file start.pdb (PDB, C-alpha atoms)
ATOM      1  CA  MET A   1       0.000   0.000   0.000
ATOM      2  CA  GLU A   2       2.889   2.374   0.695
ATOM      3  CA  LYS A   3       4.270   1.648  -2.778
ATOM      4  CA  LEU A   4       0.860   2.479  -4.252
ATOM      5  CA  LYS A   5       0.806   5.819  -2.448
ATOM      6  CA  THR A   6       4.299   6.538  -3.775
ATOM      7  CA  GLN A   7       3.257   5.781  -7.352
ATOM      8  CA  LEU A   8       0.164   7.960  -6.999
ATOM      9  CA  ARG A   9       2.311  10.849  -5.803
ATOM     10  CA  PHE A  10       4.513  10.357  -8.868
ATOM     11  CA  LEU A  11       1.384  10.344 -11.046
ATOM     12  CA  GLU A  12      -0.039  13.512  -9.521
ATOM     13  CA  ARG A  13       3.248  15.414  -9.861
ATOM     14  CA  SER A  14       3.711  14.407 -13.494
ATOM     15  CA  ALA A  15       0.084  15.268 -14.241
ATOM     16  CA  GLU A  16       0.596  18.714 -12.728
ATOM     17  CA  SER A  17       3.705  19.237 -14.858
ATOM     18  CA  TYR A  18       1.818  18.104 -17.966
ATOM     19  CA  ASP A  19      -0.924  20.630 -17.214
ATOM     20  CA  GLN A  20       1.718  23.346 -16.953
ATOM     21  CA  GLY A  21       2.686  22.721 -20.570
ATOM     22  CA  PHE A  22       5.223  19.886 -20.446
ATOM     23  CA  GLU A  23       3.535  17.481 -22.858
ATOM     24  CA  ASP A  24       6.450  15.038 -22.735
ATOM     25  CA  GLU A  25       5.372  14.201 -19.161
ATOM     26  CA  ALA A  26       2.900  11.897 -20.914
ATOM     27  CA  LEU A  27       5.785   9.419 -21.207
ATOM     28  CA  ARG A  28       6.142   9.291 -17.433
ATOM     29  CA  LEU A  29       2.393   9.194 -16.915
ATOM     30  CA  ALA A  30       2.148   6.174 -19.209
ATOM     31  CA  THR A  31       4.974   4.397 -17.406
ATOM     32  CA  ILE A  32       3.380   4.878 -13.998
ATOM     33  CA  VAL A  33      -0.020   3.759 -15.298
ATOM     34  CA  ARG A  34       1.680   0.644 -16.679
ATOM     35  CA  VAL A  35       3.156  -0.099 -13.235
ATOM     36  CA  LEU A  36      -0.266   0.314 -11.647
ATOM     37  CA  VAL A  37      -2.499  -1.706 -13.988
ATOM     38  CA  HIS A  38      -0.692  -3.725 -16.671
ATOM     39  CA  ASP A  39      -0.278  -7.465 -16.084
ATOM     40  CA  THR A  40       1.730  -9.939 -18.151
ATOM     41  CA  ASP A  41       3.054 -13.429 -17.542
ATOM     42  CA  ARG A  42       6.266 -11.917 -16.151
ATOM     43  CA  SER A  43       5.143  -8.682 -14.558
ATOM     44  CA  HIS A  44       2.366  -7.996 -12.105
ATOM     45  CA  SER A  45       0.531  -4.722 -11.727
ATOM     46  CA  LEU A  46       0.542  -3.015  -8.363
ATOM     47  CA  LEU A  47      -3.257  -2.713  -8.219
ATOM     48  CA  GLY A  48      -3.483  -6.367  -9.217
ATOM     49  CA  GLN A  49      -1.120  -7.441  -6.442
ATOM     50  CA  LEU A  50      -3.252  -5.499  -3.969
ATOM     51  CA  GLU A  51      -6.369  -7.237  -5.381
ATOM     52  CA  ILE A  52      -7.939  -3.851  -6.051
ATOM     53  CA  LYS A  53      -7.944  -3.540  -9.827
ATOM     54  CA  ASP A  54     -10.981  -5.672 -10.624
ATOM     55  CA  LYS A  55     -13.016  -4.407  -7.665
ATOM     56  CA  LEU A  56     -12.966  -0.768  -8.744
ATOM     57  CA  LYS A  57     -15.620   0.973 -10.835
ATOM     58  CA  TRP A  58     -13.454   2.668 -13.446
ATOM     59  CA  ILE A  59     -14.404   6.166 -14.534
ATOM     60  CA  ASP A  60     -14.780   6.402 -18.317
ATOM     61  CA  THR A  61     -14.947   9.889 -19.867
ATOM     62  CA  ALA A  62     -14.737   8.652 -23.464
ATOM     63  CA  GLY A  63     -17.891   6.626 -23.846
ATOM     64  CA  PRO A  64     -18.377   4.030 -26.589
ATOM     65  CA  ILE A  65     -17.457   4.625 -30.221
ATOM     66  CA  GLU A  66     -20.657   5.154 -32.173
ATOM     67  CA  PRO A  67     -21.271   2.343 -34.658
ATOM     68  CA  GLY A  68     -22.038   3.535 -38.178
ATOM     69  CA  ASN A  69     -20.521   6.978 -37.619
ATOM     70  CA  GLU A  70     -18.138   7.577 -40.533
ATOM     71  CA  MET A  71     -16.308  10.437 -38.828
ATOM     72  CA  ALA A  72     -13.218   9.958 -36.684
ATOM     73  CA  ASP A  73     -13.944   9.622 -32.976
ATOM     74  CA  HIS A  74     -11.521  11.398 -30.660
ATOM     75  CA  GLY A  75     -12.738   9.710 -27.460
ATOM     76  CA  LEU A  76     -10.556  10.972 -24.626
ATOM     77  CA  VAL A  77      -9.367  14.043 -26.520
ATOM     78  CA  GLY A  78     -10.839  17.503 -26.029
ATOM     79  CA  ILE A  79     -10.281  20.627 -28.099
ATOM     80  CA  SER A  80      -9.354  24.043 -26.731
ATOM     81  CA  TYR A  81      -8.308  27.461 -28.007
ATOM     82  CA  ASP A  82      -4.520  27.736 -27.892
ATOM     83  CA  GLY A  83      -4.405  31.510 -27.333
ATOM     84  CA  GLN A  84      -2.543  32.090 -30.602
ATOM     85  CA  GLY A  85      -5.370  32.097 -33.105
ATOM     86  CA  GLY A  86      -5.757  28.345 -33.389
ATOM     87  CA  TRP A  87      -7.084  25.300 -31.653
ATOM     88  CA  SER A  88      -5.290  22.368 -30.068
ATOM     89  CA  TYR A  89      -6.003  18.939 -28.687
ATOM     90  CA  SER A  90      -6.307  18.999 -24.918
ATOM     91  CA  ALA A  91      -7.328  16.890 -21.957
ATOM     92  CA  GLY A  92     -10.724  18.043 -20.727
ATOM     93  CA  LEU A  93     -10.260  16.325 -17.343
ATOM     94  CA  ASP A  94     -13.456  16.848 -15.324
ATOM     95  CA  ILE A  95     -15.309  18.818 -18.026
ATOM     96  CA  MET A  96     -15.490  15.963 -20.525
ATOM     97  CA  PRO A  97     -19.189  15.410 -21.333
ATOM     98  CA  VAL A  98     -19.268  11.661 -20.683
ATOM     99  CA  LYS A  99     -18.799  10.080 -17.272
ATOM    100  CA  ARG A 100     -19.774   6.461 -16.808
ATOM    101  CA  GLU A 101     -18.436   3.522 -14.839
ATOM    102  CA  ALA A 102     -16.826   0.460 -16.411
ATOM    103  CA  SER A 103     -15.063  -2.720 -15.407
ATOM    104  CA  PHE A 104     -11.288  -2.625 -15.599
ATOM    105  CA  THR A 105     -11.208  -4.868 -18.673
ATOM    106  CA  ALA A 106     -13.687  -2.665 -20.522
ATOM    107  CA  TRP A 107     -11.843   0.505 -19.469
ATOM    108  CA  TRP A 108      -8.455  -0.875 -20.505
ATOM    109  CA  GLU A 109      -9.301  -2.744 -23.689
ATOM    110  CA  GLU A 110     -12.354  -1.221 -25.379
ATOM    111  CA  PRO A 111     -11.493   1.174 -28.246
ATOM    112  CA  VAL A 112     -11.761   4.855 -27.370
ATOM    113  CA  MET A 113     -10.284   6.451 -30.516
ATOM    114  CA  ARG A 114     -11.200   5.807 -34.134
ATOM    115  CA  LEU A 115      -9.087   7.448 -36.832
ATOM    116  CA  ASP A 116     -10.275   8.717 -40.198
ATOM    117  CA  ASP A 117      -9.130   5.434 -41.781
ATOM    118  CA  ASP A 118     -11.165   3.398 -39.235
ATOM    119  CA  ARG A 119      -8.165   2.196 -37.198
ATOM    120  CA  LYS A 120      -9.013   2.001 -33.510
ATOM    121  CA  TRP A 121      -6.908   2.476 -30.373
ATOM    122  CA  ASN A 122      -7.670   1.620 -26.759
ATOM    123  CA  ARG A 123      -6.135   2.877 -23.515
ATOM    124  CA  LYS A 124      -3.855  -0.148 -23.243
ATOM    125  CA  GLN A 125      -2.313   0.496 -26.675
ATOM    126  CA  MET A 126      -1.749   4.167 -25.886
ATOM    127  CA  VAL A 127      -0.107   3.532 -22.521
ATOM    128  CA  LEU A 128       2.145   0.750 -23.789
ATOM    129  CA  GLU A 129       3.137   2.715 -26.883
ATOM    130  CA  LEU A 130       4.439   5.614 -24.788
ATOM    131  CA  ALA A 131       5.878   3.482 -21.987
ATOM    132  CA  ASN A 132       7.457   0.673 -24.010
ATOM    133  CA  LYS A 133       8.396   2.299 -27.308
ATOM    134  CA  GLU A 134       8.471   6.086 -27.140
ATOM    135  CA  GLY A 135      10.765   6.558 -24.151
ATOM    136  CA  GLY A 136       8.736   6.173 -20.980
ATOM    137  CA  ALA A 137      10.739   3.095 -19.969
ATOM    138  CA  HIS A 138      12.178   1.971 -23.319
ATOM    139  CA  VAL A 139      12.915   3.435 -26.744
ATOM    140  CA  ASP A 140      12.120   1.139 -29.644
ATOM    141  CA  PRO A 141      14.714   1.431 -32.455
ATOM    142  CA  LYS A 142      11.946   0.734 -34.992
ATOM    143  CA  PRO A 143       9.309   3.502 -34.885
ATOM    144  CA  ASN A 144       5.672   2.447 -34.991
ATOM    145  CA  SER A 145       4.385   3.954 -38.236
ATOM    146  CA  GLU A 146       0.786   3.872 -37.011
ATOM    147  CA  TYR A 147       1.677   5.831 -33.876
ATOM    148  CA  GLU A 148       3.776   8.277 -35.910
ATOM    149  CA  SER A 149       0.865   8.947 -38.228
ATOM    150  CA  ILE A 150      -1.376   9.800 -35.267
ATOM    151  CA  ALA A 151       1.205  11.939 -33.499
ATOM    152  CA  ASN A 152       2.395  13.834 -36.580
ATOM    153  CA  GLU A 153      -0.453  13.755 -39.096
ATOM    154  CA  GLU A 154      -4.063  14.866 -38.845
ATOM    155  CA  LYS A 155      -5.874  11.567 -38.419
ATOM    156  CA  LEU A 156      -8.849  12.760 -36.357
ATOM    157  CA  GLY A 157     -10.195  15.041 -39.067
ATOM    158  CA  TRP A 158      -9.893  18.367 -37.204
ATOM    159  CA  PHE A 159      -8.279  21.449 -38.735
ATOM    160  CA  ASN A 160      -8.024  25.141 -38.024
ATOM    161  CA  ILE A 161     -10.252  27.018 -40.488
ATOM    162  CA  ASP A 162      -9.777  30.421 -42.101
ATOM    163  CA  ASN A 163     -12.997  32.279 -41.275
ATOM    164  CA  ALA A 164     -12.787  34.359 -44.450
ATOM    165  CA  THR A 165     -12.391  31.469 -46.886
ATOM    166  CA  ASP A 166     -13.802  28.605 -44.788
ATOM    167  CA  GLN A 167     -10.759  26.564 -45.833
ATOM    168  CA  PRO A 168      -8.450  24.489 -43.595
ATOM    169  CA  THR A 169      -5.285  26.411 -42.727
ATOM    170  CA  SER A 170      -3.425  24.068 -40.390
ATOM    171  CA  ALA A 171      -3.748  20.879 -38.413
ATOM    172  CA  MET A 172      -4.590  20.920 -34.746
ATOM    173  CA  THR A 173      -1.574  21.108 -32.480
ATOM    174  CA  GLY A 174      -0.837  18.493 -29.846
ATOM    175  CA  ASN A 175      -0.308  14.751 -29.882
ATOM    176  CA  PRO A 176      -3.693  12.984 -29.483
ATOM    177  CA  ILE A 177      -2.048   9.945 -27.858
ATOM    178  CA  ALA A 178      -0.255  12.054 -25.253
ATOM    179  CA  VAL A 179      -3.465  13.987 -24.582
ATOM    180  CA  SER A 180      -5.385  10.729 -24.199
ATOM    181  CA  VAL A 181      -2.851   9.414 -21.687
ATOM    182  CA  ARG A 182      -3.249  12.600 -19.628
ATOM    183  CA  GLN A 183      -7.029  12.145 -19.690
ATOM    184  CA  LEU A 184      -6.904   8.472 -18.717
ATOM    185  CA  THR A 185      -4.571   9.460 -15.869
ATOM    186  CA  TYR A 186      -7.334  11.743 -14.636
ATOM    187  CA  GLU A 187      -9.773   8.824 -14.900
ATOM    188  CA  LEU A 188      -7.478   6.527 -12.907
ATOM    189  CA  LEU A 189      -6.935   9.063 -10.127
ATOM    190  CA  GLU A 190     -10.641   9.891 -10.013
ATOM    191  CA  THR A 191     -11.516   6.185  -9.867
ATOM    192  CA  LEU A 192      -9.343   5.720  -6.778
ATOM    193  CA  LYS A 193     -10.598   8.910  -5.118
ATOM    194  CA  ARG A 194     -14.189   7.769  -5.509
ATOM    195  CA  ASP A 195     -13.476   4.381  -3.941
ATOM    196  CA  PRO A 196     -11.296   5.219  -0.912
ATOM    197  CA  GLN A 197     -12.139   2.067   1.058
ATOM    198  CA  HIS A 198      -9.785   0.115  -1.205
ATOM    199  CA  LEU A 199      -6.876   2.406  -0.308
ATOM    200  CA  SER A 200      -7.011   1.999   3.454
TER     201      SER A 200
END

call {"tool": "encode", "arguments": {"input": "start.pdb", "output": "structure tokens"}}
result
Amino acid sequence: MEKLKTQLRFLERSAESYDQGFEDEALRLATIVRVLVHDTDRSHSLLGQLEIKDKLKWIDTAGPIEPGNEMADHGLVGISYDGQGGWSYSAGLDIMPVKREASFTAWWEEPVMRLDDDRKWNRKQMVLELANKEGGAHVDPKPNSEYESIANEEKLGWFNIDNATDQPTSAMTGNPIAVSVRQLTYELLETLKRDPQHLS
């Protein structure tokens, strides 16, 4: 339990730094989330070892992807004015319109982002991409082209528009995967705050 409290302090400090403008803190957020919830044959999550993970009601601010909707679905990603004449992807935290409860498996594995080419990503993929490949805990020598296309190309279908011509002028700023990891960090912390009996 003391190790859990330590990890949560790490998570809160990195989240605060992210909110102050240090987007690369998403790498550390992903790594801590991995420690807390990701189980494999050779590694065991901290919440799993404490037998907490599957007892919690996980806060979901993304909601389900709408079947039949041909538009991209940004799930955990909000949009905000960047103060410089454009708009950027952002983590809405507690102002996201959807708040429901889910099992851990549904929270971790159900898709929450659909790109304009119909590829889907879930929270698990996002966390492990940043933690295992992008530098959270490891750097993969072979870049993931799918991740690169999300981080560096406009795959959610949102652009800044010139009001005079009604034409796209630039892509949104911000990495949707990093933003999503910040939002799912909020969900994780909120889940634990709402269920304090499991932390005593």

call {"tool": "atom_distance", "arguments": {"input": "start.pdb", "atom1": "atom CA of A:Glu23", "atom2": "atom CA of A:Val179"}}
result
8.0 Å

call {"tool": "closest_residue", "arguments": {"input": "start.pdb", "among": "A:Ser17, A:Arg34, A:Pro67, A:Arg100", "to": "A:Gln125", "atoms": "all atoms listed in the file"}}
result
A:Arg34

call {"tool": "residues_around", "arguments": {"input": "start.pdb", "residues": "A:Ala106", "least_positions_apart": "5", "cutoff": "12 Å", "atoms": "only C-alpha atoms", "output": "count of residues only"}}
result
16

call {"tool": "atom_distance", "arguments": {"input": "start.pdb", "atom1": "atom CA of A:Ala91", "atom2": "atom CA of A:Ser180"}}
result
6.8 Å

call {"tool": "resolve_selection", "arguments": {"input": "start.pdb", "expression": "the PyMOL selection byres ((chain A and resi 113) around 8)", "output": "VMD selection string"}}
result
chain A and resid 65 72 to 76 111 to 112 114 to 115 120 to 122

call {"tool": "resolve_selection", "arguments": {"input": "start.pdb", "expression": "the PyMOL selection byres ((chain A and resi 46) around 12)", "output": "list in words"}}
result
Met1, Glu2, Lys3, Leu4, Lys5, Thr6, Gln7, Leu8, Ile32, Val33, Arg34, Val35, Leu36, Val37, His38, Asp39, Ser43, His44, Ser45, Leu47, Gly48, Gln49, Leu50, Glu51, Ile52 and Lys53 of chain A

call {"tool": "resolve_selection", "arguments": {"input": "start.pdb", "expression": "the PyMOL selection byres ((chain A and resi 78-80) around 6)", "output": "list in words"}}
result
Val77, Tyr81, Trp87, Ser88, Tyr89, Ser90, Ala91 and Gly92 of chain A

call {"tool": "atom_distance", "arguments": {"input": "start.pdb", "atom1": "atom CA of A:Val127", "atom2": "atom CA of A:Glu12"}}
result
16.4 Å

call {"tool": "closest_residue", "arguments": {"input": "start.pdb", "among": "A:Thr185, A:Thr105, A:Asn175, A:Asn69", "to": "A:Arg13", "atoms": "all atoms listed in the file"}}
result
A:Thr185

call {"tool": "build_atoms", "arguments": {"input": "start.pdb", "residues": "stretch 18-29 of chain A", "atoms": "all heavy atoms", "output": "PDB file, in the frame of the given file"}}
result
ATOM      1  N   TYR A  18       2.445  18.158 -16.643  1.00  0.00           N
ATOM      2  CA  TYR A  18       1.818  18.104 -17.966  1.00  0.00           C
ATOM      3  C   TYR A  18       0.876  19.290 -18.142  1.00  0.00           C
ATOM      4  O   TYR A  18       0.890  19.971 -19.180  1.00  0.00           O
ATOM      5  CB  TYR A  18       1.061  16.784 -18.145  1.00  0.00           C
ATOM      6  CG  TYR A  18       0.418  16.655 -19.506  1.00  0.00           C
ATOM      7  CD1 TYR A  18       1.017  15.923 -20.524  1.00  0.00           C
ATOM      8  CD2 TYR A  18      -0.800  17.281 -19.775  1.00  0.00           C
ATOM      9  CE1 TYR A  18       0.427  15.816 -21.771  1.00  0.00           C
ATOM     10  CE2 TYR A  18      -1.388  17.197 -21.029  1.00  0.00           C
ATOM     11  CZ  TYR A  18      -0.775  16.463 -22.015  1.00  0.00           C
ATOM     12  OH  TYR A  18      -1.355  16.380 -23.261  1.00  0.00           O
ATOM     13  N   ASP A  19       0.058  19.552 -17.127  1.00  0.00           N
ATOM     14  CA  ASP A  19      -0.924  20.630 -17.214  1.00  0.00           C
ATOM     15  C   ASP A  19      -0.261  22.003 -17.292  1.00  0.00           C
ATOM     16  O   ASP A  19      -0.887  22.975 -17.740  1.00  0.00           O
ATOM     17  CB  ASP A  19      -1.882  20.571 -16.025  1.00  0.00           C
ATOM     18  CG  ASP A  19      -2.738  19.318 -16.020  1.00  0.00           C
ATOM     19  OD1 ASP A  19      -2.833  18.653 -17.075  1.00  0.00           O
ATOM     20  OD2 ASP A  19      -3.296  18.982 -14.959  1.00  0.00           O
ATOM     21  N   GLN A  20       0.978  22.082 -16.865  1.00  0.00           N
ATOM     22  CA  GLN A  20       1.718  23.346 -16.953  1.00  0.00           C
ATOM     23  C   GLN A  20       2.385  23.537 -18.313  1.00  0.00           C
ATOM     24  O   GLN A  20       3.042  24.544 -18.548  1.00  0.00           O
ATOM     25  CB  GLN A  20       2.770  23.408 -15.842  1.00  0.00           C
ATOM     26  CG  GLN A  20       2.179  23.533 -14.453  1.00  0.00           C
ATOM     27  CD  GLN A  20       3.215  23.400 -13.349  1.00  0.00           C
ATOM     28  OE1 GLN A  20       4.379  23.068 -13.607  1.00  0.00           O
ATOM     29  NE2 GLN A  20       2.800  23.641 -12.111  1.00  0.00           N
ATOM     30  N   GLY A  21       2.186  22.564 -19.210  1.00  0.00           N
ATOM     31  CA  GLY A  21       2.686  22.721 -20.570  1.00  0.00           C
ATOM     32  C   GLY A  21       3.767  21.750 -20.993  1.00  0.00           C
ATOM     33  O   GLY A  21       4.227  21.797 -22.141  1.00  0.00           O
ATOM     34  N   PHE A  22       4.164  20.849 -20.111  1.00  0.00           N
ATOM     35  CA  PHE A  22       5.223  19.886 -20.446  1.00  0.00           C
ATOM     36  C   PHE A  22       4.587  18.598 -20.972  1.00  0.00           C
ATOM     37  O   PHE A  22       4.407  17.623 -20.247  1.00  0.00           O
ATOM     38  CB  PHE A  22       6.099  19.608 -19.223  1.00  0.00           C
ATOM     39  CG  PHE A  22       6.795  20.832 -18.687  1.00  0.00           C
ATOM     40  CD1 PHE A  22       6.272  21.535 -17.622  1.00  0.00           C
ATOM     41  CD2 PHE A  22       7.975  21.289 -19.278  1.00  0.00           C
ATOM     42  CE1 PHE A  22       6.905  22.667 -17.127  1.00  0.00           C
ATOM     43  CE2 PHE A  22       8.613  22.422 -18.798  1.00  0.00           C
ATOM     44  CZ  PHE A  22       8.082  23.115 -17.720  1.00  0.00           C
ATOM     45  N   GLU A  23       4.258  18.609 -22.277  1.00  0.00           N
ATOM     46  CA  GLU A  23       3.535  17.481 -22.858  1.00  0.00           C
ATOM     47  C   GLU A  23       4.321  16.185 -22.789  1.00  0.00           C
ATOM     48  O   GLU A  23       3.740  15.102 -22.729  1.00  0.00           O
ATOM     49  CB  GLU A  23       3.158  17.782 -24.303  1.00  0.00           C
ATOM     50  CG  GLU A  23       2.215  16.761 -24.903  1.00  0.00           C
ATOM     51  CD  GLU A  23       1.805  17.072 -26.330  1.00  0.00           C
ATOM     52  OE1 GLU A  23       2.576  16.731 -27.252  1.00  0.00           O
ATOM     53  OE2 GLU A  23       0.722  17.636 -26.520  1.00  0.00           O
ATOM     54  N   ASP A  24       5.667  16.268 -22.779  1.00  0.00           N
ATOM     55  CA  ASP A  24       6.450  15.038 -22.735  1.00  0.00           C
ATOM     56  C   ASP A  24       6.309  14.300 -21.404  1.00  0.00           C
ATOM     57  O   ASP A  24       6.740  13.149 -21.279  1.00  0.00           O
ATOM     58  CB  ASP A  24       7.924  15.292 -23.055  1.00  0.00           C
ATOM     59  CG  ASP A  24       8.563  16.387 -22.203  1.00  0.00           C
ATOM     60  OD1 ASP A  24       7.892  16.918 -21.298  1.00  0.00           O
ATOM     61  OD2 ASP A  24       9.740  16.709 -22.449  1.00  0.00           O
ATOM     62  N   GLU A  25       5.680  14.924 -20.408  1.00  0.00           N
ATOM     63  CA  GLU A  25       5.372  14.201 -19.161  1.00  0.00           C
ATOM     64  C   GLU A  25       4.440  13.031 -19.424  1.00  0.00           C
ATOM     65  O   GLU A  25       4.318  12.134 -18.587  1.00  0.00           O
ATOM     66  CB  GLU A  25       4.754  15.141 -18.129  1.00  0.00           C
ATOM     67  CG  GLU A  25       5.734  16.066 -17.446  1.00  0.00           C
ATOM     68  CD  GLU A  25       6.682  15.353 -16.487  1.00  0.00           C
ATOM     69  OE1 GLU A  25       6.367  14.229 -16.043  1.00  0.00           O
ATOM     70  OE2 GLU A  25       7.742  15.930 -16.195  1.00  0.00           O
ATOM     71  N   ALA A  26       3.770  13.029 -20.573  1.00  0.00           N
ATOM     72  CA  ALA A  26       2.900  11.897 -20.914  1.00  0.00           C
ATOM     73  C   ALA A  26       3.668  10.586 -20.925  1.00  0.00           C
ATOM     74  O   ALA A  26       3.102   9.522 -20.639  1.00  0.00           O
ATOM     75  CB  ALA A  26       2.232  12.129 -22.267  1.00  0.00           C
ATOM     76  N   LEU A  27       4.961  10.636 -21.241  1.00  0.00           N
ATOM     77  CA  LEU A  27       5.785   9.419 -21.207  1.00  0.00           C
ATOM     78  C   LEU A  27       5.864   8.860 -19.794  1.00  0.00           C
ATOM     79  O   LEU A  27       5.754   7.646 -19.577  1.00  0.00           O
ATOM     80  CB  LEU A  27       7.186   9.718 -21.729  1.00  0.00           C
ATOM     81  CG  LEU A  27       7.293  10.191 -23.178  1.00  0.00           C
ATOM     82  CD1 LEU A  27       8.723  10.623 -23.479  1.00  0.00           C
ATOM     83  CD2 LEU A  27       6.852   9.105 -24.136  1.00  0.00           C
ATOM     84  N   ARG A  28       6.076   9.750 -18.824  1.00  0.00           N
ATOM     85  CA  ARG A  28       6.142   9.291 -17.433  1.00  0.00           C
ATOM     86  C   ARG A  28       4.775   8.860 -16.923  1.00  0.00           C
ATOM     87  O   ARG A  28       4.661   7.879 -16.172  1.00  0.00           O
ATOM     88  CB  ARG A  28       6.739  10.386 -16.552  1.00  0.00           C
ATOM     89  CG  ARG A  28       8.238  10.426 -16.618  1.00  0.00           C
ATOM     90  CD  ARG A  28       8.841  11.134 -15.437  1.00  0.00           C
ATOM     91  NE  ARG A  28       8.887  12.559 -15.618  1.00  0.00           N
ATOM     92  CZ  ARG A  28       9.948  13.310 -15.311  1.00  0.00           C
ATOM     93  NH1 ARG A  28      11.029  12.751 -14.816  1.00  0.00           N
ATOM     94  NH2 ARG A  28       9.915  14.610 -15.490  1.00  0.00           N
ATOM     95  N   LEU A  29       3.742   9.596 -17.311  1.00  0.00           N
ATOM     96  CA  LEU A  29       2.393   9.194 -16.915  1.00  0.00           C
ATOM     97  C   LEU A  29       2.095   7.780 -17.395  1.00  0.00           C
ATOM     98  O   LEU A  29       1.583   6.951 -16.637  1.00  0.00           O
ATOM     99  CB  LEU A  29       1.363  10.167 -17.492  1.00  0.00           C
ATOM    100  CG  LEU A  29       1.359  11.589 -16.944  1.00  0.00           C
ATOM    101  CD1 LEU A  29       0.379  12.452 -17.724  1.00  0.00           C
ATOM    102  CD2 LEU A  29       1.023  11.619 -15.456  1.00  0.00           C
TER     103      LEU A  29
END
